[in-house]
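Heads up, my_file-v4.cif below (mmCIF, C-alpha atoms):
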data_coords
loop_
_atom_site.group_PDB
_atom_site.id
_atom_site.type_symbol
_atom_site.label_atom_id
_atom_site.label_comp_id
_atom_site.auth_asym_id
_atom_site.auth_seq_id
_atom_site.Cartn_x
_atom_site.Cartn_y
_atom_site.Cartn_z
ATOM 1 C CA MET L 1 -48.443 14.604 39.790
ATOM 2 C CA LEU L 2 -49.179 12.638 36.668
ATOM 3 C CA ARG L 3 -46.333 11.191 34.721
ATOM 4 C CA SER L 4 -46.219 12.360 31.128
ATOM 5 C CA THR L 5 -46.418 9.896 28.229
ATOM 6 C CA ARG L 6 -42.969 10.987 27.157
ATOM 7 C CA GLN L 7 -41.476 10.204 30.558
ATOM 8 C CA GLU L 8 -43.050 6.748 30.499
ATOM 9 C CA SER L 9 -41.658 6.179 27.052
ATOM 10 C CA ASP L 10 -38.178 7.228 28.232
ATOM 11 C CA VAL L 11 -38.354 4.862 31.183
ATOM 12 C CA ARG L 12 -39.466 2.000 28.962
ATOM 13 C CA ARG L 13 -36.668 2.760 26.484
ATOM 14 C CA SER L 14 -34.069 2.834 29.234
ATOM 15 C CA ARG L 15 -35.035 -0.731 30.122
ATOM 16 C CA LEU L 16 -34.400 -1.863 26.568
ATOM 17 C CA CYS L 17 -31.171 -2.566 24.798
ATOM 18 C CA GLY L 18 -30.916 -2.251 21.017
ATOM 19 C CA LEU L 19 -29.106 -5.137 19.362
ATOM 20 C CA VAL L 20 -28.285 -5.980 15.769
ATOM 21 C CA VAL L 21 -28.578 -9.729 15.269
ATOM 22 C CA PHE L 22 -26.671 -11.158 12.328
ATOM 23 C CA SER L 23 -25.182 -14.466 11.354
ATOM 24 C CA VAL L 24 -21.740 -15.669 10.329
ATOM 25 C CA GLY L 25 -21.365 -19.248 9.123
ATOM 26 C CA GLY L 26 -24.908 -19.939 10.303
ATOM 27 C CA GLN L 27 -24.107 -18.840 13.859
ATOM 28 C CA ARG L 28 -26.365 -16.139 15.238
ATOM 29 C CA LEU L 29 -24.483 -13.308 16.886
ATOM 30 C CA ALA L 30 -25.435 -9.924 18.228
ATOM 31 C CA ALA L 31 -23.840 -6.542 18.696
ATOM 32 C CA ARG L 32 -24.966 -3.299 20.267
ATOM 33 C CA VAL L 33 -26.711 -1.146 17.734
ATOM 34 C CA GLU L 34 -24.391 1.772 18.597
ATOM 35 C CA GLU L 35 -21.438 -0.243 17.313
ATOM 36 C CA VAL L 36 -22.916 -0.931 13.880
ATOM 37 C CA GLY L 37 -22.490 1.644 11.137
ATOM 38 C CA GLY L 38 -24.605 -0.018 8.464
ATOM 39 C CA VAL L 39 -25.119 -2.999 6.208
ATOM 40 C CA SER L 40 -24.434 -3.172 2.476
ATOM 41 C CA HIS L 41 -23.475 -5.573 -0.277
ATOM 42 C CA TRP L 42 -20.030 -7.063 0.119
ATOM 43 C CA PRO L 43 -17.585 -4.804 -1.781
ATOM 44 C CA GLN L 44 -14.443 -5.729 -3.649
ATOM 45 C CA THR L 45 -11.543 -6.422 -1.325
ATOM 46 C CA MET L 46 -7.790 -6.600 -1.705
ATOM 47 C CA THR L 47 -5.376 -8.752 0.242
ATOM 48 C CA VAL L 48 -2.984 -6.825 2.459
ATOM 49 C CA PRO L 49 0.034 -8.825 3.618
ATOM 50 C CA SER L 50 -0.332 -8.654 7.373
ATOM 51 C CA GLU L 51 0.740 -10.274 10.608
ATOM 52 C CA THR L 52 -2.250 -8.908 12.509
ATOM 53 C CA PRO L 53 -4.593 -11.788 13.341
ATOM 54 C CA PHE L 54 -7.769 -11.775 11.201
ATOM 55 C CA VAL L 55 -6.978 -8.427 9.551
ATOM 56 C CA LYS L 56 -5.632 -9.388 6.119
ATOM 57 C CA ALA L 57 -7.508 -7.264 3.605
ATOM 58 C CA VAL L 58 -9.059 -3.906 2.890
ATOM 59 C CA ALA L 59 -12.374 -3.116 1.244
ATOM 60 C CA ARG L 60 -12.961 -0.090 -0.884
ATOM 61 C CA ARG L 61 -16.240 1.791 -0.619
ATOM 62 C CA GLU L 62 -16.173 4.778 -2.964
ATOM 63 C CA LYS L 63 -13.144 6.767 -1.773
ATOM 64 C CA GLU L 64 -13.036 5.116 1.609
ATOM 65 C CA VAL L 65 -10.642 2.261 2.403
ATOM 66 C CA LEU L 66 -11.785 0.071 5.279
ATOM 67 C CA PRO L 67 -9.908 -2.778 6.937
ATOM 68 C CA VAL L 68 -11.613 -6.171 6.803
ATOM 69 C CA PHE L 69 -11.856 -8.240 9.979
ATOM 70 C CA ASP L 70 -12.232 -11.904 9.039
ATOM 71 C CA PHE L 71 -14.865 -12.806 11.597
ATOM 72 C CA ALA L 72 -15.593 -16.156 9.891
ATOM 73 C CA GLU L 73 -11.975 -17.209 10.322
ATOM 74 C CA ARG L 74 -12.066 -15.962 13.899
ATOM 75 C CA LEU L 75 -15.080 -18.239 14.534
ATOM 76 C CA ASN L 76 -13.598 -21.024 12.386
ATOM 77 C CA VAL L 77 -16.623 -21.128 10.086
ATOM 78 C CA HIS L 78 -17.381 -20.190 6.464
ATOM 79 C CA VAL L 79 -19.681 -17.353 5.477
ATOM 80 C CA GLN L 80 -22.888 -18.786 4.049
ATOM 81 C CA GLY L 81 -24.720 -17.763 0.896
ATOM 82 C CA THR L 82 -23.752 -16.604 -2.553
ATOM 83 C CA THR L 83 -24.305 -12.899 -1.839
ATOM 84 C CA PRO L 84 -22.647 -12.172 1.501
ATOM 85 C CA LEU L 85 -23.275 -8.869 3.206
ATOM 86 C CA CYS L 86 -20.966 -6.269 4.661
ATOM 87 C CA LEU L 87 -21.462 -5.126 8.228
ATOM 88 C CA VAL L 88 -19.770 -1.806 8.930
ATOM 89 C CA VAL L 89 -18.392 -1.727 12.449
ATOM 90 C CA LYS L 90 -17.755 1.432 14.444
ATOM 91 C CA HIS L 91 -14.444 0.215 15.776
ATOM 92 C CA GLU L 92 -12.385 2.163 18.285
ATOM 93 C CA ASP L 93 -9.551 2.402 15.764
ATOM 94 C CA GLY L 94 -11.816 3.577 12.949
ATOM 95 C CA PRO L 95 -14.517 2.048 10.774
ATOM 96 C CA MET L 96 -13.982 -1.579 9.842
ATOM 97 C CA VAL L 97 -16.013 -4.141 7.916
ATOM 98 C CA ILE L 98 -16.877 -7.766 8.516
ATOM 99 C CA ARG L 99 -18.316 -10.257 6.042
ATOM 100 C CA ILE L 100 -21.540 -11.819 7.217
ATOM 101 C CA ASP L 101 -24.037 -14.352 5.849
ATOM 102 C CA GLU L 102 -26.502 -13.208 3.220
ATOM 103 C CA GLU L 103 -29.333 -13.325 5.772
ATOM 104 C CA ILE L 104 -30.313 -9.713 6.432
ATOM 105 C CA PRO L 105 -29.491 -8.630 10.006
ATOM 106 C CA ALA L 106 -32.379 -7.850 12.332
ATOM 107 C CA LEU L 107 -32.732 -5.065 14.855
ATOM 108 C CA GLN L 108 -34.020 -6.359 18.178
ATOM 109 C CA MET L 109 -34.984 -4.458 21.303
ATOM 110 C CA VAL L 110 -34.158 -6.675 24.248
ATOM 111 C CA GLU L 111 -35.043 -6.115 27.917
ATOM 112 C CA ARG L 112 -31.840 -5.270 29.777
ATOM 113 C CA SER L 113 -32.826 -7.822 32.409
ATOM 114 C CA ALA L 114 -32.602 -10.508 29.697
ATOM 115 C CA VAL L 115 -28.965 -9.675 29.017
ATOM 116 C CA GLN L 116 -26.624 -11.826 31.068
ATOM 117 C CA PRO L 117 -22.958 -11.107 31.725
ATOM 118 C CA TYR L 118 -20.622 -13.456 29.875
ATOM 119 C CA ARG L 119 -18.145 -15.413 31.969
ATOM 120 C CA GLY L 120 -16.505 -17.505 29.274
ATOM 121 C CA SER L 121 -13.048 -17.297 27.787
ATOM 122 C CA ASP L 122 -13.838 -15.388 24.577
ATOM 123 C CA SER L 123 -12.551 -11.882 25.242
ATOM 124 C CA ASP L 124 -14.625 -10.372 22.429
ATOM 125 C CA ILE L 125 -17.966 -11.455 23.930
ATOM 126 C CA VAL L 126 -19.375 -9.051 26.502
ATOM 127 C CA ALA L 127 -22.735 -10.635 27.296
ATOM 128 C CA THR L 128 -25.366 -13.108 26.130
ATOM 129 C CA TYR L 129 -29.120 -13.090 25.878
ATOM 130 C CA VAL L 130 -31.663 -15.814 25.323
ATOM 131 C CA ASP L 131 -33.840 -15.640 22.230
ATOM 132 C CA GLY L 132 -36.308 -18.490 22.294
ATOM 133 C CA ALA L 133 -34.275 -21.543 23.199
ATOM 134 C CA GLN L 134 -31.019 -20.124 21.871
ATOM 135 C CA SER L 135 -28.358 -18.245 23.785
ATOM 136 C CA ILE L 136 -26.915 -15.531 21.575
ATOM 137 C CA PRO L 137 -23.496 -14.042 22.289
ATOM 138 C CA ILE L 138 -23.229 -10.256 22.195
ATOM 139 C CA TYR L 139 -19.891 -9.231 20.714
ATOM 140 C CA SER L 140 -18.088 -6.015 21.394
ATOM 141 C CA LEU L 141 -17.516 -5.051 17.772
ATOM 142 C CA ALA L 142 -15.948 -1.742 18.766
ATOM 143 C CA ARG L 143 -13.071 -3.628 20.389
ATOM 144 C CA LEU L 144 -12.944 -6.604 18.076
ATOM 145 C CA GLY L 145 -9.463 -8.026 17.843
ATOM 146 C CA LYS L 146 -8.170 -6.109 20.835
ATOM 147 C CA MET L 147 -7.114 -8.819 23.235
ATOM 148 C CA GLY L 148 -6.885 -8.445 26.983
ATOM 149 C CA THR L 149 -8.925 -5.266 27.169
ATOM 150 C CA GLU L 150 -11.503 -4.285 29.751
ATOM 151 C CA ARG L 151 -15.004 -5.466 29.190
ATOM 152 C CA SER L 152 -18.012 -3.211 29.099
ATOM 153 C CA SER L 153 -21.504 -4.430 29.725
ATOM 154 C CA ALA L 154 -23.980 -4.538 26.849
ATOM 155 C CA MET D 1 23.754 52.672 7.521
ATOM 156 C CA SER D 2 21.517 50.899 5.063
ATOM 157 C CA LEU D 3 19.191 48.117 5.875
ATOM 158 C CA ARG D 4 20.155 44.799 4.515
ATOM 159 C CA SER D 5 17.533 43.519 2.139
ATOM 160 C CA HIS D 6 16.249 39.985 2.312
ATOM 161 C CA LYS D 7 14.850 38.147 -0.621
ATOM 162 C CA THR D 8 12.061 35.725 0.052
ATOM 163 C CA VAL D 9 12.959 32.512 -1.649
ATOM 164 C CA ALA D 10 10.149 30.098 -2.383
ATOM 165 C CA ILE D 11 11.342 26.544 -1.887
ATOM 166 C CA PRO D 12 9.378 24.256 -4.166
ATOM 167 C CA VAL D 13 7.697 21.496 -2.193
ATOM 168 C CA SER D 14 6.756 18.431 -4.155
ATOM 169 C CA THR D 15 3.036 17.898 -3.862
ATOM 170 C CA SER D 16 3.118 14.498 -5.485
ATOM 171 C CA VAL D 17 5.162 11.343 -5.463
ATOM 172 C CA ARG D 18 6.041 9.149 -8.436
ATOM 173 C CA LEU D 19 5.516 5.450 -7.925
ATOM 174 C CA LEU D 20 6.103 2.318 -9.947
ATOM 175 C CA VAL D 21 3.078 0.040 -9.522
ATOM 176 C CA ALA D 22 3.366 -3.720 -9.954
ATOM 177 C CA ASP D 23 1.039 -6.664 -9.492
ATOM 178 C CA CYS D 24 2.378 -9.271 -7.095
ATOM 179 C CA GLY D 25 0.007 -12.134 -6.293
ATOM 180 C CA ASN D 26 -3.056 -10.056 -7.226
ATOM 181 C CA THR D 27 -1.956 -7.314 -4.858
ATOM 182 C CA TYR D 28 -0.844 -3.974 -6.211
ATOM 183 C CA LEU D 29 2.477 -2.917 -4.744
ATOM 184 C CA ALA D 30 4.021 0.474 -5.454
ATOM 185 C CA VAL D 31 7.682 1.423 -5.093
ATOM 186 C CA PRO D 32 8.886 5.027 -5.035
ATOM 187 C CA ALA D 33 10.218 5.538 -8.561
ATOM 188 C CA ASP D 34 13.403 7.241 -7.393
ATOM 189 C CA ALA D 35 14.448 3.957 -5.746
ATOM 190 C CA VAL D 36 13.975 1.919 -8.946
ATOM 191 C CA ARG D 37 17.162 1.208 -10.885
ATOM 192 C CA GLY D 38 15.856 -1.156 -13.508
ATOM 193 C CA ILE D 39 13.227 -3.612 -14.641
ATOM 194 C CA LEU D 40 14.395 -6.867 -16.161
ATOM 195 C CA LYS D 41 12.817 -9.880 -17.796
ATOM 196 C CA PRO D 42 13.651 -13.174 -16.039
ATOM 197 C CA GLU D 43 15.533 -14.428 -19.120
ATOM 198 C CA GLN D 44 17.893 -11.440 -18.854
ATOM 199 C CA ILE D 45 19.201 -12.570 -15.490
ATOM 200 C CA SER D 46 20.544 -15.595 -13.677
ATOM 201 C CA ASP D 47 18.803 -17.498 -10.902
ATOM 202 C CA ASP D 48 21.546 -16.623 -8.443
ATOM 203 C CA ASP D 49 20.688 -15.278 -5.013
ATOM 204 C CA VAL D 50 22.555 -12.099 -5.879
ATOM 205 C CA LEU D 51 22.030 -10.500 -9.300
ATOM 206 C CA SER D 52 24.798 -8.590 -10.949
ATOM 207 C CA PHE D 53 23.665 -5.837 -13.254
ATOM 208 C CA LEU D 54 25.811 -3.045 -14.678
ATOM 209 C CA GLY D 55 28.428 -3.788 -12.092
ATOM 210 C CA VAL D 56 26.071 -3.581 -9.120
ATOM 211 C CA SER D 57 25.088 -6.563 -6.982
ATOM 212 C CA TYR D 58 21.402 -6.821 -6.121
ATOM 213 C CA PRO D 59 20.525 -9.443 -3.462
ATOM 214 C CA ARG D 60 17.166 -11.034 -4.221
ATOM 215 C CA VAL D 61 14.244 -10.679 -1.830
ATOM 216 C CA ASP D 62 11.367 -13.143 -2.090
ATOM 217 C CA LEU D 63 8.730 -10.507 -1.536
ATOM 218 C CA ALA D 64 5.763 -12.727 -2.433
ATOM 219 C CA GLY D 65 7.033 -15.449 -0.102
ATOM 220 C CA ARG D 66 7.655 -12.955 2.694
ATOM 221 C CA PHE D 67 4.135 -11.577 2.289
ATOM 222 C CA GLY D 68 2.458 -14.952 1.797
ATOM 223 C CA LEU D 69 1.210 -13.964 -1.660
ATOM 224 C CA ARG D 70 0.687 -16.565 -4.377
ATOM 225 C CA ARG D 71 2.562 -15.414 -7.452
ATOM 226 C CA ASN D 72 1.702 -16.362 -11.013
ATOM 227 C CA VAL D 73 4.951 -18.288 -11.548
ATOM 228 C CA SER D 74 4.558 -18.976 -15.261
ATOM 229 C CA GLY D 75 3.366 -15.500 -16.200
ATOM 230 C CA ALA D 76 4.834 -14.017 -19.361
ATOM 231 C CA GLU D 77 4.679 -10.570 -17.784
ATOM 232 C CA THR D 78 6.933 -11.509 -14.873
ATOM 233 C CA ARG D 79 9.624 -8.921 -14.219
ATOM 234 C CA VAL D 80 12.421 -8.373 -11.730
ATOM 235 C CA ILE D 81 12.570 -4.902 -10.227
ATOM 236 C CA LEU D 82 15.939 -3.578 -9.124
ATOM 237 C CA CYS D 83 16.002 -1.028 -6.323
ATOM 238 C CA SER D 84 18.709 0.995 -4.639
ATOM 239 C CA GLU D 85 19.042 3.589 -1.954
ATOM 240 C CA GLY D 86 22.522 4.791 -1.103
ATOM 241 C CA ASN D 87 24.774 1.756 -1.104
ATOM 242 C CA ARG D 88 21.956 -0.699 -0.480
ATOM 243 C CA HIS D 89 20.479 -2.683 -3.331
ATOM 244 C CA CYS D 90 17.833 -5.339 -3.809
ATOM 245 C CA ALA D 91 15.896 -7.192 -6.496
ATOM 246 C CA PHE D 92 12.447 -8.724 -6.297
ATOM 247 C CA ARG D 93 10.141 -10.480 -8.705
ATOM 248 C CA VAL D 94 6.610 -9.381 -9.562
ATOM 249 C CA ASP D 95 3.902 -10.859 -11.809
ATOM 250 C CA GLN D 96 3.502 -7.732 -13.890
ATOM 251 C CA VAL D 97 4.685 -4.166 -13.974
ATOM 252 C CA ILE D 98 1.649 -1.926 -14.331
ATOM 253 C CA GLY D 99 3.400 1.407 -14.822
ATOM 254 C CA LEU D 100 4.381 4.711 -13.310
ATOM 255 C CA VAL D 101 1.784 6.771 -11.521
ATOM 256 C CA GLU D 102 1.936 10.229 -10.018
ATOM 257 C CA VAL D 103 0.063 10.374 -6.727
ATOM 258 C CA GLY D 104 -0.694 13.596 -4.880
ATOM 259 C CA ARG D 105 0.582 13.538 -1.316
ATOM 260 C CA SER D 106 -2.918 14.404 -0.164
ATOM 261 C CA SER D 107 -4.157 11.214 -1.836
ATOM 262 C CA MET D 108 -1.801 9.006 0.138
ATOM 263 C CA LEU D 109 -3.598 7.236 2.964
ATOM 264 C CA PRO D 110 -2.053 5.672 6.044
ATOM 265 C CA LEU D 111 -2.499 1.973 6.676
ATOM 266 C CA PRO D 112 -5.659 1.655 8.820
ATOM 267 C CA ALA D 113 -4.856 1.515 12.536
ATOM 268 C CA GLN D 114 -6.322 -2.000 12.819
ATOM 269 C CA PHE D 115 -3.177 -3.273 11.091
ATOM 270 C CA ARG D 116 -0.908 -3.503 14.104
ATOM 271 C CA GLY D 117 1.846 -5.924 13.104
ATOM 272 C CA GLU D 118 5.024 -5.918 11.067
ATOM 273 C CA GLU D 119 3.023 -4.706 8.064
ATOM 274 C CA ARG D 120 3.311 -1.200 9.463
ATOM 275 C CA ARG D 121 7.024 -1.407 8.652
ATOM 276 C CA TRP D 122 6.448 -3.036 5.271
ATOM 277 C CA PHE D 123 4.128 -0.380 3.897
ATOM 278 C CA GLY D 124 4.334 3.369 4.052
ATOM 279 C CA GLY D 125 0.666 3.743 3.170
ATOM 280 C CA LEU D 126 -1.740 3.159 0.322
ATOM 281 C CA PHE D 127 -3.657 5.022 -2.343
ATOM 282 C CA LEU D 128 -6.742 4.441 -4.444
ATOM 283 C CA PHE D 129 -5.730 2.650 -7.620
ATOM 284 C CA ARG D 130 -8.033 1.481 -10.386
ATOM 285 C CA GLU D 131 -11.061 -0.155 -8.754
ATOM 286 C CA THR D 132 -9.090 -1.108 -5.658
ATOM 287 C CA VAL D 133 -5.984 0.192 -3.826
ATOM 288 C CA SER D 134 -2.229 -0.074 -4.121
ATOM 289 C CA LEU D 135 0.082 -0.528 -1.162
ATOM 290 C CA VAL D 136 3.211 1.603 -1.035
ATOM 291 C CA LEU D 137 6.254 -0.464 -0.157
ATOM 292 C CA ASN D 138 8.696 1.026 2.285
ATOM 293 C CA PRO D 139 11.938 0.901 0.271
ATOM 294 C CA ARG D 140 14.070 1.072 3.401
ATOM 295 C CA TRP D 141 12.439 -2.083 4.706
ATOM 296 C CA ILE D 142 13.003 -4.031 1.458
ATOM 297 C CA LEU D 143 16.610 -2.907 1.329
ATOM 298 C CA GLU D 144 17.061 -3.937 4.945
ATOM 299 C CA GLU D 145 15.561 -7.338 4.094
ATOM 300 C CA SER D 146 17.989 -7.703 1.217
ATOM 301 C CA ARG D 147 20.872 -6.882 3.514
ATOM 302 C CA ARG D 148 19.771 -9.691 5.814
ATOM 303 C CA ALA D 149 19.325 -12.046 2.878
ATOM 304 C CA SER D 150 22.754 -11.227 1.534
ATOM 305 C CA THR D 151 24.754 -11.775 4.719
ATOM 306 C CA GLU D 152 25.621 -15.218 3.390
ATOM 307 C CA HIS D 153 26.294 -13.887 -0.098
ATOM 308 C CA GLN D 154 28.660 -10.955 0.314
ATOM 309 C CA PRO D 155 28.824 -9.013 -2.959
ATOM 310 C CA ASP D 156 32.134 -8.905 -4.762
ATOM 311 C CA ALA D 157 33.528 -5.408 -4.238
ATOM 312 C CA ALA D 158 35.121 -5.518 -7.692
ATOM 313 C CA LEU D 159 31.677 -5.857 -9.245
ATOM 314 C CA THR D 160 30.229 -2.920 -7.386
ATOM 315 C CA SER D 161 30.457 0.308 -9.292
ATOM 316 C CA PRO D 162 28.943 3.654 -8.401
ATOM 317 C CA SER D 163 28.824 4.511 -12.102
ATOM 318 C CA ALA D 164 25.734 2.421 -12.720
ATOM 319 C CA ALA D 165 23.185 5.015 -13.745
ATOM 320 C CA PRO D 166 19.533 4.742 -12.686
ATOM 321 C CA ARG D 167 17.497 3.469 -15.601
ATOM 322 C CA LEU D 168 14.377 1.561 -16.456
ATOM 323 C CA LEU D 169 15.112 -1.148 -18.957
ATOM 324 C CA GLY D 170 13.232 -3.530 -21.096
ATOM 325 C CA THR D 171 9.738 -2.326 -20.268
ATOM 326 C CA ARG D 172 7.621 0.376 -21.759
ATOM 327 C CA LEU D 173 5.888 2.067 -18.879
ATOM 328 C CA PRO D 174 2.405 3.401 -19.414
ATOM 329 C CA VAL D 175 1.779 6.442 -17.209
#

Please rewrite the model in this file as structure tokens.
Amino acid sequence: MLRSTRQESDVRRSRLCGLVVFSVGGQRLAARVEEVGGVSHWPQTMTVPSETPFVKAVARREKEVLPVFDFAERLNVHVQGTTPLCLVVKHEDGPMVIRIDEEIPALQMVERSAVQPYRGSDSDIVATYVDGAQSIPIYSLARLGKMGTERSSA
Amino acid sequence: MSLRSHKTVAIPVSTSVRLLVADCGNTYLAVPADAVRGILKPEQISDDDVLSFLGVSYPRVDLAGRFGLRRNVSGAETRVILCSEGNRHCAFRVDQVIGLVEVGRSSMLPLPAQFRGEERRWFGGLFLFRETVSLVLNPRWILEESRRASTEHQPDAALTSPSAAPRLLGTRLPV
């Protein structure tokens, strides 16, 4: 029996992993496309006195109030560019935003075989993949800031 | 035997809450208006750790310092807000009093779940205000802080008087 074109397409798609590649402080990072809710201009934010690490502000988008995760501080870098962008994260605790460099994020389809499990000490990284000569960490944005949690593969 | 009649009494439920909004270190903080006892200019009061006003002692709380906010120290709009609940009192300084606002309970938002620390005790929630948001201070927490701060400065019982009426002084409040 001949395999339909659609079946072949499904098989090919199942071998691929959709990643959003963005940069913070010039560092290239990736996240699973399912964990990204969108990209927009950086909105106005307001400081919220907080003892939660890296969560010290909220951003207002229309009538929505979203917590800001300071990913640059987490990485100990500074966001680059005069017009930073806002990456909306589909976090487990609700939508959250992170400030990223002005370079527009790219959607990349990566072969699952190219994704390697991460064995380092950063609990927010779930895997890495090699793009050219560079190893790019894949962050679990959905669990960002939740320490000591189980890891899921990218 | 006659049936006893029952009247249905509608109990009015407040659908909104009145809040006093102030700017403290470029952060809007709101206090439930029923906890506010007065608003004073700095020149009206002493620099003591415990303020005495109309016979009531108000221990000071350094709210900006506690929250790590950078206050505008030389601001002409600086005010001291006096708060009370029951027999607990406190005073804290803000950069500017914005005014009283009436916020529908349905417009009050909880602090996003990503905030997991002590701030959940500090703030009862937030609401959309102007182009940004205002945080609603938990008056019980501030009063508890003042109690801690005042353990070394016990108020003089002779100065404490229950007759001090709630009032807003010295500031015209735009609504």

Neighbouring residues of Leu87 in chain L were defined as those with any atom within 9 Å, considering all atoms listed in the file; residues of the same chain fewer than 6 positions away were excluded. Please report them as a CSV table (one decimal) with C-alpha atoms, keeping the file's coordinate frame.
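Dumped to selection-v2.csv:
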chain,number,residue,atom,x,y,z
L,22,PHE,CA,-26.7,-11.2,12.3
L,36,VAL,CA,-22.9,-0.9,13.9
L,37,GLY,CA,-22.5,1.6,11.1
L,38,GLY,CA,-24.6,0.0,8.5
L,39,VAL,CA,-25.1,-3.0,6.2
L,40,SER,CA,-24.4,-3.2,2.5
L,41,HIS,CA,-23.5,-5.6,-0.3
L,42,TRP,CA,-20.0,-7.1,0.1
L,96,MET,CA,-14.0,-1.6,9.8
L,97,VAL,CA,-16.0,-4.1,7.9
L,98,ILE,CA,-16.9,-7.8,8.5
L,99,ARG,CA,-18.3,-10.3,6.0
L,100,ILE,CA,-21.5,-11.8,7.2
L,105,PRO,CA,-29.5,-8.6,10.0

Check: which chain L residues lie within 8 Å of chain D using only C-alpha atoms, as a ChimeraX atom specification: /L:44-52,55,59-60,63,66-67,93-94

Residues matched by the PyMOL selection byres ((chain L and resi 54) around 9) as a VMD selection string: chain L and resid 50 to 53 55 to 57 68 to 71 73 to 74 145

Separation of CA of Pro95 in chain L from CA of Leu20 in chain D in Å: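 Atom-to-atom, CA of Leu20 in chain D and CA of Pro95 in chain L are spaced 29.2 Å apart.
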
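We find CA of Cys83 in chain D and CA of Ile98 in chain D to be spaced 16.5 Å apart.
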
Separation of CA of Arg32 in chain L from CA of Ile138 in chain L, in Å and rounded to one decimal: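 Here the two named atoms are 7.4 Å from each other.
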